[in-house]
Amino acid sequence: MKKILFFICTLDDGGAQRVVSMLSSKMVERGFDVEVLKYYKSENIYPISDKVKITTLEEQTGTTNKLTNTMWMRKYFKNNADVIISFLATYNMLAICANKGNNIPIIVADRNDPRYVPSNKIIRTLRDDLYKHANGIVVQTSDNKNYFSKDVQDKCSVIMNPFVMKDKIGSALKANKEDLIVSVGRLEKQKNQEMLINAFAELNDKYPTYKLVIYGEGPNRDTLQELINSKSLQEKVLLPGSVDDVLDKIKSTKLFVLPSNYEGMSNALAEAMCVGLPVISTNVSGASDLITNNENGLIINIDNKQELINAIDKMLTDEEFSNKCANNATEISKKLDIDVICDEWLEFISKVKK
């Protein structure tokens with residue numbers, strides 16, 4: 001039985017944490033011996049099989065000293081893994097260093113746009129060099145793969161995020177609709193909700209019954225609220241924060257918008273498409289992997305308010321076009337099914353050379 005060891009910072013809230021929880025549970029269901037080694041003690045937010053062993057590094061070592069912990073990792077990898085799968089750039093770098101000389105295949109999963117994350121250019125340069133020493137690299141989009149050098153690209157596989165949505169697939173197609181436009185994402189500069197609010201403000205007179213609801217929480221809340229207040233849109237643009245049942249909340253809306261400046265692969269966009277919402281996205285990494293422009297959604301240029309205004313206007317005015325996009329969008333769920341994604345991971349693992 002192949003021993004698969006996932007390495008990640010925590011298993012608390014986050015897209016990478018969700019994917020590790022899902023993949024580890026599915027792989028143990030397939031008969032593999034699976035363990036998750038998390039660096040920090042944390043609450044496990046997402047459901048995970050009780051057959052998956054979970055170990056916390058700092059609990060084992062009793063220290064926060066990075067050098068001590070790296071040496072401990074090196075020994076632990078050697079004794080507990082046939083293959084290592086590490087998630088998130090900073091921890092990928094640590095895992096590659098700890099595994100050096102072990103002769104254990106290591107696959108690193110990069111989860112954001114590598115042009116921007118990590119934010120420090122020196123760290124990004126170091127990451128790019130260290131990835132050359134990994135046996136395999138998994139990225140979420142073809143655009144992210146194209147960032148890397150040829151020798152890294154040769155080790156890359158593009159595997160999107162898995163989803164388990166069951167009865168939620170297509171649920172928006174059957175829901176009673178309200179005059180709502182929705183966006184879901186952390187309230188931060190990267191997500192560029194300012195552009196969406198400004199675009200909505202210019203459409204307000206044409207669509208006076210519509211409201212804009214932006215789900216999420218983050219450091220940019222006060223800035224966004226000040227923008228809303230300055231345009232006297234307090235009753236029209238709502239920031240309800242993060243909610244547990246966001247898919248149930250958004251299924252009655254008429255349009256989903258992702259206005260981000262960059263992404264790895266937007267889970268929010270993928271989920272909105274799976275439930276059957278017409279979607280608009282900026283041309284961030286992952287958008288073209290999910291959206292065929294004018295067929296199952298619209299793609300606009302990054303930080304282009306006028307294009308966003310035109311796209312929203314088209315979706316709200318042309319009901320036949322909007323319905324076509326919504327119906328076609330649900331087809332993406334077939335590519336993102338957890339069994340399909342797990343198969344892709346296992347096939348890539350089998351091909352990775354020591």
# chains A, B, ... in the order shown; residues from 1 in each chain; ligands from 1
>>> select_by_dssp(residues="segment 187-314 of chain A", states="strand (DSSP E or B)", output="PDB file with C-alpha atoms, in the first residue's frame")
ATOM      1  CA  LYS A 211     -28.853  45.348  -5.309  1.00  0.00           C
ATOM      2  CA  LEU A 212     -25.209  44.244  -5.192  1.00  0.00           C
ATOM      3  CA  VAL A 213     -24.235  41.784  -2.447  1.00  0.00           C
ATOM      4  CA  ILE A 214     -20.550  41.050  -1.778  1.00  0.00           C
ATOM      5  CA  TYR A 215     -19.991  38.079   0.557  1.00  0.00           C
ATOM      6  CA  VAL A 237     -24.594  47.594  -1.941  1.00  0.00           C
ATOM      7  CA  LEU A 238     -24.406  45.161   0.964  1.00  0.00           C
ATOM      8  CA  LEU A 239     -21.402  43.595   2.743  1.00  0.00           C
ATOM      9  CA  PRO A 240     -22.913  40.816   4.882  1.00  0.00           C
ATOM     10  CA  GLY A 241     -19.555  39.196   5.664  1.00  0.00           C
ATOM     11  CA  LEU A 255     -25.528  37.289 -11.894  1.00  0.00           C
ATOM     12  CA  PHE A 256     -22.173  36.408 -10.326  1.00  0.00           C
ATOM     13  CA  VAL A 257     -19.153  38.693 -10.853  1.00  0.00           C
ATOM     14  CA  LEU A 258     -15.479  38.003 -10.112  1.00  0.00           C
ATOM     15  CA  VAL A 279     -20.916  34.613 -14.559  1.00  0.00           C
ATOM     16  CA  ILE A 280     -18.574  37.452 -15.456  1.00  0.00           C
ATOM     17  CA  SER A 281     -14.876  37.230 -14.607  1.00  0.00           C
ATOM     18  CA  THR A 282     -11.828  39.329 -15.212  1.00  0.00           C
ATOM     19  CA  ASN A 293     -16.247  33.358 -23.553  1.00  0.00           C
ATOM     20  CA  GLY A 297     -19.901  33.195 -19.200  1.00  0.00           C
ATOM     21  CA  LEU A 298     -18.075  36.394 -20.039  1.00  0.00           C
ATOM     22  CA  ILE A 299     -14.407  37.250 -19.599  1.00  0.00           C
ATOM     23  CA  ILE A 300     -13.304  40.895 -19.441  1.00  0.00           C
TER      24      ILE A 300
END
>>> residues_around(residues="segment 135-146 of chain A", least_positions_apart="3", cutoff="7 Å", atoms="only C-alpha atoms", output="list in words")
Pro105, Ile106, Ile107, Val108, Ala109, Asp110, Arg111, Asp113, Pro114, Gln153, Lys155, Cys156, Ser157, Val158, Ile159, Met160, Asn161, Gly264, Met265, Ser285, Gly286, Asp289, Val352, Lys353 and Lys354 of chain A
>>> residues_around(residues="Lys254 of chain A", least_positions_apart="2", cutoff="9 Å", atoms="only C-alpha atoms", output="number ranges by chain")
A: 172, 177-182, 250-252, 256, 277-278, 315-316, 322
>>> residues_around(residues="Ala201 of chain A", least_positions_apart="6", cutoff="10 Å", atoms="only C-alpha atoms", output="number ranges by chain")
A: 195, 207, 212, 228, 231-233, 236-237, 309
>>> select_by_dssp(residues="segment 114-325 of chain A", states="alpha helix (DSSP H)", output="JSON, numbers by chain")
{"A": [121, 122, 123, 124, 125, 126, 127, 128, 129, 130, 142, 143, 144, 145, 146, 147, 150, 151, 152, 153, 193, 194, 195, 196, 197, 198, 199, 200, 201, 202, 203, 221, 222, 223, 224, 225, 226, 227, 228, 229, 230, 246, 247, 248, 249, 250, 267, 268, 269, 270, 271, 272, 273, 274, 275, 287, 288, 289, 290, 305, 306, 307, 308, 309, 310, 311, 312, 313, 314, 315, 316, 317, 319, 320, 321, 322, 323, 324, 325]}
>>> residues_around(residues="Arg74 of chain A", least_positions_apart="3", cutoff="12 Å", atoms="only C-alpha atoms", output="list in words")
Leu57, Leu67, Thr68, Asn69, Thr70, Met71, Phe77, Lys78, Asn79, Asn80, Ala81, Ile84, Leu94, Ala95, Ile96, Cys97, Ala98, Asn99, Lys100, Gly101, Asn102, Asn103 and Ile104 of chain A
>>> residues_around(residues="Glu331 of chain A", least_positions_apart="5", cutoff="12 Å", atoms="only C-alpha atoms", output="PyMOL selection string")
chain A and resi 169-170+270-277+290-292+295-296+324-326+336-337
>>> atom_distance(atom1="atom CA of Gln234 of chain A", atom2="atom CA of Ala175 of chain A")
26.5 Å
>>> closest_residue(among="A:Thr55, A:Asp129, A:Leu203, A:Pro162", to="Ala16 of chain A", atoms="only C-alpha atoms")
A:Pro162
>>> residues_around(residues="segment 219-224 of chain A", least_positions_apart="4", cutoff="8 Å", atoms="only C-alpha atoms", output="ChimeraX atom specification")
/A:187-189,193-194,228
>>> write_last_selection(atoms="N, CA and C atoms", output="compact mmCIF listing (two decimals), in the first residue's frame")
# COMPACT_ATOMS: atom_id res chain seq x y z
N LEU A 187 -12.38 40.35 1.31
CA LEU A 187 -12.37 41.80 1.08
C LEU A 187 -10.93 42.31 1.18
N GLU A 188 -10.26 42.30 0.04
CA GLU A 188 -8.88 42.76 -0.01
C GLU A 188 -8.59 43.31 -1.40
N LYS A 189 -7.48 44.02 -1.52
CA LYS A 189 -7.14 44.72 -2.77
C LYS A 189 -7.12 43.77 -3.96
N GLN A 193 -12.93 44.65 -5.46
CA GLN A 193 -14.37 44.91 -5.35
C GLN A 193 -14.70 46.38 -5.58
N GLU A 194 -13.70 47.27 -5.46
CA GLU A 194 -13.93 48.69 -5.74
C GLU A 194 -14.44 48.89 -7.16
N ILE A 228 -18.90 52.91 -0.70
CA ILE A 228 -20.36 52.74 -0.78
C ILE A 228 -21.07 53.98 -0.24
>>> atom_distance(atom1="atom CA of Asp339 of chain A", atom2="atom CA of Thr253 of chain A")
29.3 Å
>>> closest_residue(among="A:Ile54, A:Ala134, A:Leu227, A:Met27", to="Leu11 of chain A", atoms="only C-alpha atoms")
A:Ile54
>>> atom_distance(atom1="atom CA of Ser21 of chain A", atom2="atom CA of Ile332 of chain A")
21.5 Å
>>> closest_residue(among="A:Asp82, A:Asp245, A:Asp12, A:Asp303", to="Tyr262 of chain A", atoms="only C-alpha atoms")
A:Asp303
